[in-house]
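> File final_9.pdb follows (PDB, C-alpha atoms and all ligand atoms):
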```
ATOM      1  CA  MET A 802     -75.258  71.866  16.645
ATOM      2  CA  GLY A 803     -74.664  68.995  19.095
ATOM      3  CA  ALA A 804     -71.440  68.198  17.233
ATOM      4  CA  ARG A 805     -68.032  67.887  18.807
ATOM      5  CA  PHE A 806     -65.916  69.281  15.940
ATOM      6  CA  ASP A 807     -64.021  66.015  15.570
ATOM      7  CA  ASP A 808     -60.987  65.905  13.297
ATOM      8  CA  ARG A 809     -62.969  64.094  10.583
ATOM      9  CA  ALA A 810     -65.065  67.213  10.181
ATOM     10  CA  THR A 811     -62.474  69.914  10.820
ATOM     11  CA  GLY A 812     -59.158  68.665   9.456
ATOM     12  CA  ARG A 813     -56.406  70.623  11.256
ATOM     13  CA  ALA A 814     -58.584  72.306  13.881
ATOM     14  CA  SER A 815     -56.461  75.449  14.184
ATOM     15  CA  GLU A 816     -57.208  76.300  10.530
ATOM     16  CA  PHE A 817     -60.866  75.268  10.429
ATOM     17  CA  ALA A 818     -63.174  77.694   8.555
ATOM     18  CA  PRO A 819     -61.019  80.812   9.092
ATOM     19  CA  GLY A 820     -63.599  83.153   7.536
ATOM     20  CA  ALA A 821     -66.578  81.818   9.498
ATOM     21  CA  ARG A 822     -68.243  83.024  12.643
ATOM     22  CA  ILE A 823     -69.040  79.913  14.626
ATOM     23  CA  ILE A 824     -72.081  79.402  16.836
ATOM     24  CA  HIS A 825     -71.693  76.158  18.792
ATOM     25  CA  VAL A 826     -74.761  74.666  20.445
ATOM     26  CA  ASP A 827     -74.101  71.781  22.814
ATOM     27  CA  ILE A 828     -75.811  70.421  25.897
ATOM     28  CA  ASP A 829     -72.391  69.705  27.413
ATOM     29  CA  PRO A 830     -70.520  72.920  28.284
ATOM     30  CA  ALA A 831     -67.219  71.004  28.294
ATOM     31  CA  GLU A 832     -67.516  70.610  24.499
ATOM     32  CA  ILE A 833     -67.711  74.326  23.805
ATOM     33  CA  GLY A 834     -64.401  75.650  22.519
ATOM     34  CA  LYS A 835     -62.716  72.303  23.197
ATOM     35  CA  ASN A 836     -61.503  71.747  19.629
ATOM     36  CA  VAL A 837     -62.186  74.960  17.718
ATOM     37  CA  ARG A 838     -62.498  78.616  18.558
ATOM     38  CA  VAL A 839     -66.186  79.523  18.988
ATOM     39  CA  ASP A 840     -67.668  83.012  18.537
ATOM     40  CA  LEU A 841     -71.030  82.374  20.154
ATOM     41  CA  PRO A 842     -71.427  79.491  22.598
ATOM     42  CA  VAL A 843     -74.955  78.283  23.384
ATOM     43  CA  VAL A 844     -75.371  75.631  26.061
ATOM     44  CA  GLY A 845     -78.694  73.844  25.796
ATOM     45  CA  ASP A 846     -80.883  71.114  24.372
ATOM     46  CA  ALA A 847     -80.596  71.254  20.561
ATOM     47  CA  ARG A 848     -84.344  70.736  20.103
ATOM     48  CA  ARG A 849     -85.256  73.725  22.267
ATOM     49  CA  VAL A 850     -82.439  75.947  21.020
ATOM     50  CA  LEU A 851     -83.353  75.237  17.391
ATOM     51  CA  ARG A 852     -86.994  76.172  18.016
ATOM     52  CA  GLN A 853     -85.943  79.472  19.554
ATOM     53  CA  ILE A 854     -83.469  80.214  16.767
ATOM     54  CA  LEU A 855     -86.090  79.440  14.112
ATOM     55  CA  ASP A 856     -88.504  81.872  15.766
ATOM     56  CA  ALA A 857     -85.874  84.610  15.785
ATOM     57  CA  LEU A 858     -84.450  84.042  12.265
ATOM     58  CA  GLN A 859     -85.034  86.501   9.443
ATOM     59  CA  PRO A 860     -84.612  85.255   5.869
ATOM     60  CA  GLY A 861     -81.214  86.407   4.605
ATOM     61  CA  SER A 862     -79.658  86.727   1.191
ATOM     62  CA  THR A 863     -77.442  83.792   0.281
ATOM     63  CA  GLY A 864     -76.876  84.639  -3.406
ATOM     64  CA  ALA A 865     -73.179  85.446  -3.134
ATOM     65  CA  TRP A 866     -72.424  82.323  -1.123
ATOM     66  CA  GLN A 867     -74.497  80.212  -3.513
ATOM     67  CA  GLU A 868     -72.285  81.447  -6.354
ATOM     68  CA  VAL A 869     -69.195  80.303  -4.469
ATOM     69  CA  VAL A 870     -70.761  76.872  -3.941
ATOM     70  CA  ASP A 871     -71.766  76.626  -7.615
ATOM     71  CA  GLY A 872     -68.145  77.418  -8.493
ATOM     72  CA  TYR A 873     -66.977  74.465  -6.378
ATOM     73  CA  ARG A 874     -69.456  72.241  -8.212
ATOM     74  CA  LYS A 875     -68.103  73.332 -11.610
ATOM     75  CA  ASP A 876     -64.582  72.395 -10.505
ATOM     76  CA  LEU A 877     -65.692  68.899  -9.569
ATOM     77  CA  THR A 878     -65.004  66.850 -12.631
ATOM     78  CA  TYR A 879     -63.838  63.311 -12.077
ATOM     79  CA  PRO A 880     -62.013  61.130 -14.565
ATOM     80  CA  PRO A 881     -64.198  58.391 -16.061
ATOM     81  CA  ALA A 882     -63.906  54.939 -14.499
ATOM     82  CA  ARG A 883     -61.405  52.549 -16.083
ATOM     83  CA  GLU A 884     -62.996  49.944 -18.296
ATOM     84  CA  ASP A 885     -60.236  47.325 -18.376
ATOM     85  CA  ALA A 886     -60.757  46.243 -14.749
ATOM     86  CA  LEU A 887     -63.601  46.164 -12.257
ATOM     87  CA  THR A 888     -63.381  49.244 -10.086
ATOM     88  CA  GLN A 889     -65.170  50.677  -7.082
ATOM     89  CA  GLN A 890     -65.949  53.776  -9.129
ATOM     90  CA  ALA A 891     -67.613  51.869 -12.001
ATOM     91  CA  THR A 892     -69.566  49.728  -9.540
ATOM     92  CA  ILE A 893     -70.855  52.712  -7.601
ATOM     93  CA  GLU A 894     -71.736  54.579 -10.790
ATOM     94  CA  ALA A 895     -73.727  51.515 -11.883
ATOM     95  CA  VAL A 896     -75.401  51.280  -8.446
ATOM     96  CA  CYS A 897     -76.215  54.986  -8.729
ATOM     97  CA  ARG A 898     -77.971  54.529 -12.087
ATOM     98  CA  ARG A 899     -80.280  52.044 -10.397
ATOM     99  CA  VAL A 900     -80.929  53.553  -6.977
ATOM    100  CA  ALA A 901     -80.386  57.348  -7.025
ATOM    101  CA  GLY A 902     -83.377  59.106  -5.494
ATOM    102  CA  LYS A 903     -85.035  55.774  -4.624
ATOM    103  CA  ALA A 904     -82.977  53.809  -2.137
ATOM    104  CA  VAL A 905     -81.414  54.283   1.263
ATOM    105  CA  VAL A 906     -77.672  53.766   0.861
ATOM    106  CA  ALA A 907     -75.553  52.887   3.896
ATOM    107  CA  THR A 908     -71.769  52.829   3.684
ATOM    108  CA  ASP A 909     -68.813  51.510   5.585
ATOM    109  CA  VAL A 910     -65.678  53.621   5.952
ATOM    110  CA  GLY A 911     -62.910  53.892   3.392
ATOM    111  CA  LEU A 912     -62.421  54.615  -0.297
ATOM    112  CA  HIS A 913     -65.821  53.158  -1.204
ATOM    113  CA  GLN A 914     -67.459  55.626   1.218
ATOM    114  CA  MET A 915     -65.833  58.523  -0.640
ATOM    115  CA  PHE A 916     -66.913  57.113  -4.015
ATOM    116  CA  VAL A 917     -70.525  56.919  -2.775
ATOM    117  CA  ALA A 918     -70.405  60.516  -1.547
ATOM    118  CA  ARG A 919     -68.797  61.610  -4.834
ATOM    119  CA  HIS A 920     -70.984  59.750  -7.328
ATOM    120  CA  ILE A 921     -74.448  59.253  -5.847
ATOM    121  CA  PRO A 922     -76.586  62.386  -5.577
ATOM    122  CA  PHE A 923     -78.829  62.360  -2.507
ATOM    123  CA  ASP A 924     -81.764  64.740  -2.404
ATOM    124  CA  ARG A 925     -84.002  63.214   0.248
ATOM    125  CA  PRO A 926     -83.229  63.413   3.977
ATOM    126  CA  ARG A 927     -81.716  60.318   5.589
ATOM    127  CA  ASP A 928     -81.081  58.485   2.307
ATOM    128  CA  LEU A 929     -77.325  58.423   2.957
ATOM    129  CA  LEU A 930     -76.362  56.646   6.168
ATOM    130  CA  THR A 931     -72.646  57.030   6.664
ATOM    131  CA  SER A 932     -70.299  57.245   9.610
ATOM    132  CA  GLY A 933     -68.925  60.685   8.840
ATOM    133  CA  GLY A 934     -68.021  61.787  12.359
ATOM    134  CA  LEU A 935     -66.389  58.819  14.036
ATOM    135  CA  GLY A 936     -65.610  57.051  10.744
ATOM    136  CA  THR A 937     -66.422  53.632  12.136
ATOM    137  CA  MET A 938     -65.623  50.693   9.880
ATOM    138  CA  GLY A 939     -68.371  48.071  10.055
ATOM    139  CA  PHE A 940     -71.120  50.696  10.222
ATOM    140  CA  GLY A 941     -72.740  49.944   6.853
ATOM    141  CA  LEU A 942     -74.383  46.579   7.367
ATOM    142  CA  PRO A 943     -76.069  47.277  10.725
ATOM    143  CA  ALA A 944     -77.096  50.764   9.544
ATOM    144  CA  ALA A 945     -78.765  49.181   6.516
ATOM    145  CA  MET A 946     -80.515  46.686   8.793
ATOM    146  CA  GLY A 947     -81.872  49.558  10.864
ATOM    147  CA  ALA A 948     -83.110  51.314   7.722
ATOM    148  CA  ALA A 949     -84.808  48.131   6.484
ATOM    149  CA  LEU A 950     -86.606  47.778   9.821
ATOM    150  CA  ALA A 951     -87.512  51.454  10.139
ATOM    151  CA  ARG A 952     -88.661  51.943   6.552
ATOM    152  CA  PRO A 953     -90.357  48.721   5.434
ATOM    153  CA  GLY A 954     -90.852  48.504   1.675
ATOM    154  CA  GLN A 955     -87.898  50.834   1.083
ATOM    155  CA  GLU A 956     -85.016  49.608  -1.090
ATOM    156  CA  VAL A 957     -81.886  49.484   1.117
ATOM    157  CA  VAL A 958     -78.353  49.023  -0.183
ATOM    158  CA  ALA A 959     -75.210  48.699   1.934
ATOM    159  CA  VAL A 960     -71.988  49.603   0.111
ATOM    160  CA  CYS A 961     -69.235  47.891   2.065
ATOM    161  CA  GLY A 962     -65.456  47.603   1.927
ATOM    162  CA  ASP A 963     -63.997  44.148   2.458
ATOM    163  CA  GLY A 964     -62.123  45.278   5.581
ATOM    164  CA  SER A 965     -65.169  47.002   7.013
ATOM    165  CA  PHE A 966     -67.524  44.155   6.134
ATOM    166  CA  LEU A 967     -65.351  41.762   8.140
ATOM    167  CA  MET A 968     -66.008  43.793  11.275
ATOM    168  CA  ASN A 969     -69.736  43.099  11.513
ATOM    169  CA  LEU A 970     -70.555  40.298   9.125
ATOM    170  CA  GLN A 971     -71.945  38.168  11.949
ATOM    171  CA  GLU A 972     -75.050  40.330  11.483
ATOM    172  CA  LEU A 973     -75.765  38.327   8.333
ATOM    173  CA  ALA A 974     -77.252  35.817  10.776
ATOM    174  CA  THR A 975     -79.760  38.412  11.989
ATOM    175  CA  ILE A 976     -80.473  39.503   8.424
ATOM    176  CA  ALA A 977     -81.212  35.905   7.436
ATOM    177  CA  GLU A 978     -83.274  35.234  10.558
ATOM    178  CA  HIS A 979     -85.554  38.229   9.964
ATOM    179  CA  ARG A 980     -85.281  38.114   6.158
ATOM    180  CA  LEU A 981     -84.361  41.799   6.100
ATOM    181  CA  PRO A 982     -84.236  42.761   2.416
ATOM    182  CA  VAL A 983     -80.794  44.371   2.636
ATOM    183  CA  LYS A 984     -78.619  44.222  -0.483
ATOM    184  CA  ALA A 985     -74.948  44.341   0.481
ATOM    185  CA  ILE A 986     -72.434  45.187  -2.230
ATOM    186  CA  VAL A 987     -69.010  44.178  -0.901
ATOM    187  CA  LEU A 988     -66.245  45.953  -2.805
ATOM    188  CA  ASN A 989     -63.404  43.527  -2.338
ATOM    189  CA  ASN A 990     -60.091  45.125  -3.286
ATOM    190  CA  ARG A 991     -58.346  42.687  -0.924
ATOM    191  CA  ASN A 992     -56.836  45.471   1.148
ATOM    192  CA  LEU A 993     -57.601  48.368   3.472
ATOM    193  CA  GLY A 994     -57.690  50.701   0.500
ATOM    194  CA  MET A 995     -57.807  54.060   2.203
ATOM    195  CA  VAL A 996     -54.876  53.242   4.472
ATOM    196  CA  ARG A 997     -52.979  51.825   1.495
ATOM    197  CA  GLN A 998     -53.549  55.085  -0.410
ATOM    198  CA  PHE A 999     -52.111  57.166   2.469
ATOM    199  CA  GLN A1000     -49.152  54.813   2.823
ATOM    200  CA  ARG A1001     -48.414  55.027  -0.914
ATOM    201  CA  LEU A1002     -48.734  58.797  -1.129
ATOM    202  CA  TYR A1003     -47.320  59.956   2.197
ATOM    203  CA  PHE A1004     -45.180  57.085   3.541
ATOM    204  CA  ASN A1005     -43.094  56.261   0.459
ATOM    205  CA  GLY A1006     -45.240  53.260  -0.446
ATOM    206  CA  SER A1007     -44.077  51.261   2.537
ATOM    207  CA  PHE A1008     -47.191  49.135   2.895
ATOM    208  CA  THR A1009     -47.840  47.786   6.372
ATOM    209  CA  ALA A1010     -50.805  45.722   7.576
ATOM    210  CA  VAL A1011     -53.029  46.694   4.663
ATOM    211  CA  ASP A1012     -53.357  43.412   2.766
ATOM    212  CA  GLN A1013     -56.297  41.159   3.536
ATOM    213  CA  PRO A1014     -55.997  37.363   3.401
ATOM    214  CA  PRO A1015     -56.290  36.526  -0.317
ATOM    215  CA  HIS A1016     -58.581  33.529   0.149
ATOM    216  CA  LEU A1017     -61.579  35.322   1.701
ATOM    217  CA  ASP A1018     -64.715  34.391  -0.277
ATOM    218  CA  PHE A1019     -67.523  36.689   0.822
ATOM    219  CA  ALA A1020     -70.137  35.032  -1.399
ATOM    220  CA  LEU A1021     -69.397  31.689   0.234
ATOM    221  CA  ILE A1022     -69.441  33.249   3.706
ATOM    222  CA  ALA A1023     -72.868  34.804   2.989
ATOM    223  CA  ARG A1024     -74.267  31.455   1.883
ATOM    224  CA  GLY A1025     -72.940  29.978   5.115
ATOM    225  CA  PHE A1026     -75.243  32.380   6.941
ATOM    226  CA  GLY A1027     -78.174  31.450   4.689
ATOM    227  CA  VAL A1028     -78.024  34.643   2.610
ATOM    228  CA  ALA A1029     -78.127  34.394  -1.205
ATOM    229  CA  SER A1030     -75.013  35.713  -2.910
ATOM    230  CA  ALA A1031     -72.839  36.001  -5.995
ATOM    231  CA  SER A1032     -69.293  37.059  -6.761
ATOM    232  CA  ILE A1033     -67.971  38.774  -9.866
ATOM    233  CA  SER A1034     -64.509  39.674 -11.071
ATOM    234  CA  GLU A1035     -64.982  40.854 -14.692
ATOM    235  CA  PRO A1036     -66.310  44.250 -15.847
ATOM    236  CA  ARG A1037     -68.726  42.587 -18.305
ATOM    237  CA  GLU A1038     -70.483  40.814 -15.391
ATOM    238  CA  LEU A1039     -71.290  44.007 -13.509
ATOM    239  CA  GLU A1040     -74.604  45.193 -14.941
ATOM    240  CA  GLY A1041     -76.290  41.770 -14.949
ATOM    241  CA  ALA A1042     -75.036  40.906 -11.463
ATOM    242  CA  LEU A1043     -76.320  44.192 -10.044
ATOM    243  CA  ASP A1044     -79.727  43.689 -11.686
ATOM    244  CA  ARG A1045     -79.968  40.219 -10.176
ATOM    245  CA  ALA A1046     -78.790  41.324  -6.737
ATOM    246  CA  LEU A1047     -81.057  44.359  -6.479
ATOM    247  CA  SER A1048     -84.166  42.564  -7.739
ATOM    248  CA  HIS A1049     -83.654  39.532  -5.504
ATOM    249  CA  PRO A1050     -86.685  39.151  -3.218
ATOM    250  CA  GLY A1051     -84.786  39.088   0.081
ATOM    251  CA  PRO A1052     -81.300  39.745   1.394
ATOM    252  CA  PHE A1053     -78.404  39.399  -1.026
ATOM    253  CA  VAL A1054     -74.628  39.805  -0.859
ATOM    254  CA  LEU A1055     -72.851  40.719  -4.090
ATOM    255  CA  GLU A1056     -69.084  40.525  -3.852
ATOM    256  CA  VAL A1057     -67.341  42.642  -6.493
ATOM    257  CA  GLU A1058     -63.630  41.977  -6.851
ATOM    258  CA  THR A1059     -62.137  45.360  -7.645
ATOM    259  CA  ASP A1060     -58.730  46.708  -8.612
ATOM    260  CA  VAL A1061     -56.220  46.437  -5.753
ATOM    261  CA  ALA A1062     -54.542  49.784  -6.433
ATOM    262  CA  GLU A1063     -57.600  52.011  -6.996
ATOM    263  CA  GLU A1064     -57.463  55.348  -5.150
ATOM    264  CA  VAL A1065     -59.900  58.203  -4.623
ATOM    265  CA  LEU A1066     -59.467  61.960  -4.935
ATOM    266  CA  PRO A1067     -59.890  64.628  -3.737
ATOM    267  CA  MET A1068     -58.321  64.059  -0.365
ATOM    268  CA  VAL A1069     -56.896  66.001   2.570
ATOM    269  CA  PRO A1070     -53.319  65.069   3.529
ATOM    270  CA  PRO A1071     -52.851  63.487   6.969
ATOM    271  CA  GLY A1072     -53.049  66.210   9.607
ATOM    272  CA  GLY A1073     -53.831  68.795   6.906
ATOM    273  CA  SER A1074     -56.465  71.502   6.929
ATOM    274  CA  LEU A1075     -59.538  71.368   4.685
ATOM    275  CA  SER A1076     -58.132  74.201   2.554
ATOM    276  CA  GLU A1077     -55.306  71.816   1.598
ATOM    277  CA  MET A1078     -57.723  69.441  -0.144
ATOM    278  CA  THR A1079     -55.902  68.111  -3.178
ATOM    279  CA  TYR A1080     -57.052  66.681  -6.494
ATOM    280  CA  GLU A1081     -53.630  65.303  -7.362
ATOM    281  CA  GLY A1082     -52.074  63.863  -4.216
ATOM    282  CA  PRO A1083     -48.633  65.081  -3.121
ATOM    283  CA  ARG A1084     -46.405  66.332  -5.889
ATOM    284  CA  GLU A1085     -43.067  64.736  -6.602
ATOM    285  CA  GLU A1086     -40.147  66.063  -4.544
ATOM    286  CA  ALA A1087     -38.486  67.416  -7.717
ATOM    287  CA  GLU A1088     -41.521  69.561  -8.590
ATOM    288  CA  ARG A1089     -41.727  70.894  -5.034
ATOM    289  CA  SER A1090     -38.102  71.976  -4.922
ATOM    290  CA  ALA A1091     -38.401  73.622  -8.360
ATOM    291  CA  ASP A1092     -41.070  75.881  -6.821
ATOM    292  CA  ALA A1093     -38.885  76.765  -3.844
ATOM    293  CA  PRO A1094     -35.307  77.220  -5.102
ATOM    294  CA  GLY A1095     -34.100  78.629  -1.784
ATOM    295  CA  LEU A1096     -34.852  75.361  -0.084
ATOM    296  CA  ARG A1097     -33.057  73.153  -2.580
TER     297      ARG A1097
HETATM  298  C1  LIG A1101     -63.125  50.479  13.447
HETATM  299  C2  LIG A1101     -62.115  51.225  12.604
HETATM  300  N1  LIG A1101     -60.824  50.821  12.580
HETATM  301  C3  LIG A1101     -59.916  51.474  11.818
HETATM  302  C4  LIG A1101     -60.282  52.559  11.070
HETATM  303  C5  LIG A1101     -59.240  53.321  10.231
HETATM  304  N2  LIG A1101     -59.554  53.108   8.793
HETATM  305  C6  LIG A1101     -60.220  54.034   8.051
HETATM  306  S1  LIG A1101     -60.522  53.512   6.496
HETATM  307  C7  LIG A1101     -59.742  52.047   6.763
HETATM  308  C8  LIG A1101     -59.654  51.014   5.680
HETATM  309  C9  LIG A1101     -60.999  50.575   5.179
HETATM  310  O1  LIG A1101     -60.843  49.439   4.347
HETATM  311  P1  LIG A1101     -62.058  48.801   3.574
HETATM  312  O2  LIG A1101     -63.243  48.652   4.458
HETATM  313  O3  LIG A1101     -61.582  47.549   2.909
HETATM  314  O4  LIG A1101     -62.422  49.914   2.506
HETATM  315  P2  LIG A1101     -61.593  50.512   1.254
HETATM  316  O5  LIG A1101     -60.847  51.705   1.776
HETATM  317  O6  LIG A1101     -60.677  49.446   0.729
HETATM  318  O7  LIG A1101     -62.662  50.892   0.274
HETATM  319  C10 LIG A1101     -59.227  51.984   8.091
HETATM  320  C11 LIG A1101     -58.452  50.845   8.655
HETATM  321  C12 LIG A1101     -61.637  52.972  11.148
HETATM  322  N3  LIG A1101     -62.080  54.028  10.455
HETATM  323  N4  LIG A1101     -62.545  52.275  11.889
END
```
Can you dump the structure from the file as structure tokens?

Amino acid sequence: MGARFDDRATGRASEFAPGARIIHVDIDPAEIGKNVRVDLPVVGDARRVLRQILDALQPGSTGAWQEVVDGYRKDLTYPPAREDALTQQATIEAVCRRVAGKAVVATDVGLHQMFVARHIPFDRPRDLLTSGGLGTMGFGLPAAMGAALARPGQEVVAVCGDGSFLMNLQELATIAEHRLPVKAIVLNNRNLGMVRQFQRLYFNGSFTAVDQPPHLDFALIARGFGVASASISEPRELEGALDRALSHPGPFVLEVETDVAEEVLPMVPPGGSLSEMTYEGPREEAERSADAPGLR
């Protein structure tokens, strides 16, 4: 519905949802069938088309499909967060204990975005603001500002990656000027973590252009904009620092220095289809050739 079937949503487009019948509603006829095969094209204004579809819909039985979805949920068990180092996972789990069901959470793009989607349950509309289609780094802070303006009195948390935060941190000036009560948690792993993960797993660990300058001090930068802040680097500091940040009466930036090598699963390999989602990353070459003796 009004979506362009971008590669973020489809994975390898030729293998997208092979068992589905696809109805594509778009106001722009050029979008129909552009990226994926469509069974029923509808060209029109989504608002009007939706009204007409709702009028025509009969309640169906979704029991069998619901069982499939419940099965996926059962398979989703994640390893517990490490305790010997500060991690994105532990931080987001701790944020979740404080804000689930109460706050609007905006994210940037990267590993931290996946951890938010994985660990924070959202059951109210528009509580998760994330750039899922374009995947635009730098989205989190301005999205949180918009939420703070649109829903006054609502707790608003931006979960940001250090790389993403750098892209729009000038907005701290606007936040300070209007005293928007946005709490930004900057997960500083000192690299572009998601790109690093792909380079490690699929490009033989040849790391290129993923490290961030080691001297960036986001707490100091925030104070330079007139926004209160703190920085932590030890697991034992996490709970207290989050309590202070989230209860601060005004904007706050909490920089959390997390493990450089942390990765997130599941993932889809570069250029892969969604059915190739993996919980283990690529297997070692030796294991692969053991499965396929003819190719050895
Ligand atoms: C504007 C923009 N440039 C590049 C990318 C490609 N990209 C996706 S994730 C990522 C790294 C994000 O790093 P960071 O914000 O530090 O988050 P982390 O993965 O470390 O949690 C990059 C470069 C993008 N999505 N958006």
> Set up a box along x, y and z of the file covering all listed atoms of ligand LIG 1101 (chain A), add 5 Å on every one of the six sides, and write the centre and edge lengths in Å to one decimal, as AutoDock Vina command-line options.

```
--center_x -60.8 --center_y 50.8 --center_z 6.9 --size_x 14.8 --size_y 16.5 --size_z 23.2
```
> Would you work out the distance separating CA of Leu1047 (chain A) from CA of Lys984 (chain A), expressed in Å to one decimal?
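Separation of CA of Leu1047 (chain A) and CA of Lys984 (chain A): 6.5 Å.
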> Using 6 Å as the limit and counting only C-alpha atoms and all ligand atoms, can you tabulate each residue of chain A that touches ligand LIG 1101 (chain A), with its shortest atom-to-atom distance in Å and the two atoms involved, as a Markdown table?

```
| residue | atom | partner | partner_atom | distance |
| --- | --- | --- | --- | --- |
| A:Val910 | CA | A:LIG1101 | S1 | 5.2 |
| A:Gly911 | CA | A:LIG1101 | O5 | 3.4 |
| A:Leu912 | CA | A:LIG1101 | O7 | 3.8 |
| A:His913 | CA | A:LIG1101 | O7 | 4.2 |
| A:Gly936 | CA | A:LIG1101 | N3 | 4.7 |
| A:Thr937 | CA | A:LIG1101 | N4 | 4.1 |
| A:Met938 | CA | A:LIG1101 | N4 | 4.0 |
| A:Gly962 | CA | A:LIG1101 | O2 | 3.5 |
| A:Asp963 | CA | A:LIG1101 | O3 | 4.2 |
| A:Gly964 | CA | A:LIG1101 | O3 | 3.5 |
| A:Ser965 | CA | A:LIG1101 | O2 | 3.6 |
| A:Asn990 | CA | A:LIG1101 | O6 | 5.9 |
| A:Asn992 | CA | A:LIG1101 | O3 | 5.5 |
| A:Leu993 | CA | A:LIG1101 | O1 | 3.5 |
| A:Gly994 | CA | A:LIG1101 | O6 | 3.2 |
| A:Met995 | CA | A:LIG1101 | O5 | 3.9 |
| A:Val996 | CA | A:LIG1101 | C8 | 5.4 |
```
> Run the PyMOL selection byres (((chain A and resi 972-978) around 9) and not hetatm) on the file and write out the hits as a list in words.
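In the shown coordinates, the PyMOL selection byres (((chain A and resi 972-978) around 9) and not hetatm) covers Leu942, Pro943, Met946, Asn969, Leu970, Gln971, His979, Arg980, Leu981, Pro982, Val983, Ala1023, Phe1026, Gly1027, Val1028, Gly1051 and Pro1052 of chain A.
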> Quick one: write out the picked residues with C-alpha atoms as a PDB file, in the coordinates of the input?

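Saved to out-v4.pdb:
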```
ATOM      1  CA  LEU A 942     -74.383  46.579   7.367  1.00  0.00           C
ATOM      2  CA  PRO A 943     -76.069  47.277  10.725  1.00  0.00           C
ATOM      3  CA  MET A 946     -80.515  46.686   8.793  1.00  0.00           C
ATOM      4  CA  ASN A 969     -69.736  43.099  11.513  1.00  0.00           C
ATOM      5  CA  LEU A 970     -70.555  40.298   9.125  1.00  0.00           C
ATOM      6  CA  GLN A 971     -71.945  38.168  11.949  1.00  0.00           C
ATOM      7  CA  HIS A 979     -85.554  38.229   9.964  1.00  0.00           C
ATOM      8  CA  ARG A 980     -85.281  38.114   6.158  1.00  0.00           C
ATOM      9  CA  LEU A 981     -84.361  41.799   6.100  1.00  0.00           C
ATOM     10  CA  PRO A 982     -84.236  42.761   2.416  1.00  0.00           C
ATOM     11  CA  VAL A 983     -80.794  44.371   2.636  1.00  0.00           C
ATOM     12  CA  ALA A1023     -72.868  34.804   2.989  1.00  0.00           C
ATOM     13  CA  PHE A1026     -75.243  32.380   6.941  1.00  0.00           C
ATOM     14  CA  GLY A1027     -78.174  31.450   4.689  1.00  0.00           C
ATOM     15  CA  VAL A1028     -78.024  34.643   2.610  1.00  0.00           C
ATOM     16  CA  GLY A1051     -84.786  39.088   0.081  1.00  0.00           C
ATOM     17  CA  PRO A1052     -81.300  39.745   1.394  1.00  0.00           C
TER      18      PRO A1052
END
```
> Using the chain letters and numbering of this document, enumerate as a PyMOL selection string the residues selected by the PyMOL selection byres (((chain A and resi 924) around 12) and not hetatm).
chain A and resi 901-905+921-923+925-929
> Deliver the residues from the most recent selection as a file, using C-alpha atoms, as a short mmCIF file (atom, residue, chain, number, x, y, z; two decimals), in the coordinates of the input.

```cif
data_model
loop_
_atom_site.label_atom_id
_atom_site.label_comp_id
_atom_site.auth_asym_id
_atom_site.auth_seq_id
_atom_site.Cartn_x
_atom_site.Cartn_y
_atom_site.Cartn_z
CA ALA A 901 -80.39 57.35 -7.02
CA GLY A 902 -83.38 59.11 -5.49
CA LYS A 903 -85.04 55.77 -4.62
CA ALA A 904 -82.98 53.81 -2.14
CA VAL A 905 -81.41 54.28 1.26
CA ILE A 921 -74.45 59.25 -5.85
CA PRO A 922 -76.59 62.39 -5.58
CA PHE A 923 -78.83 62.36 -2.51
CA ARG A 925 -84.00 63.21 0.25
CA PRO A 926 -83.23 63.41 3.98
CA ARG A 927 -81.72 60.32 5.59
CA ASP A 928 -81.08 58.48 2.31
CA LEU A 929 -77.32 58.42 2.96
#
```
> Using only C-alpha atoms, determine which residues lie at most 10 Å from Ser932 (chain A), disregarding the query and same-chain residues fewer than 5 positions distant; provide the list as a ChimeraX atom specification.
/A:907-910,914,937-941,944
> Just give me the gap between CA of Pro880 (chain A) and CA of Val960 (chain A) in Å, one decimal is fine.
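Separation between CA of Pro880 (chain A) and CA of Val960 (chain A): 21.2 Å.
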> Find, counting all atoms listed in the file, the residue in A:Ala949, A:Ile828, A:Val900, A:Leu967 that gets nearest to Pro842 (chain A).
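Selected residue with least distance to Pro842 (chain A): A:Ile828.
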> Identify, on the basis of only C-alpha atoms, every residue whose closest approach to Arg805 (chain A) does not exceed 9 Å; exclude the query and any residue fewer than 4 positions from it along the same chain; express the result as an mmCIF file with C-alpha atoms, in the coordinates of the input.

```
data_model
loop_
_atom_site.group_PDB
_atom_site.id
_atom_site.type_symbol
_atom_site.label_atom_id
_atom_site.label_comp_id
_atom_site.auth_asym_id
_atom_site.auth_seq_id
_atom_site.Cartn_x
_atom_site.Cartn_y
_atom_site.Cartn_z
ATOM 1 C CA ASP A 827 -74.101 71.781 22.814
ATOM 2 C CA GLU A 832 -67.516 70.610 24.499
ATOM 3 C CA ILE A 833 -67.711 74.326 23.805
ATOM 4 C CA LYS A 835 -62.716 72.303 23.197
ATOM 5 C CA ASN A 836 -61.503 71.747 19.629
ATOM 6 C CA GLY A 934 -68.021 61.787 12.359
#
```
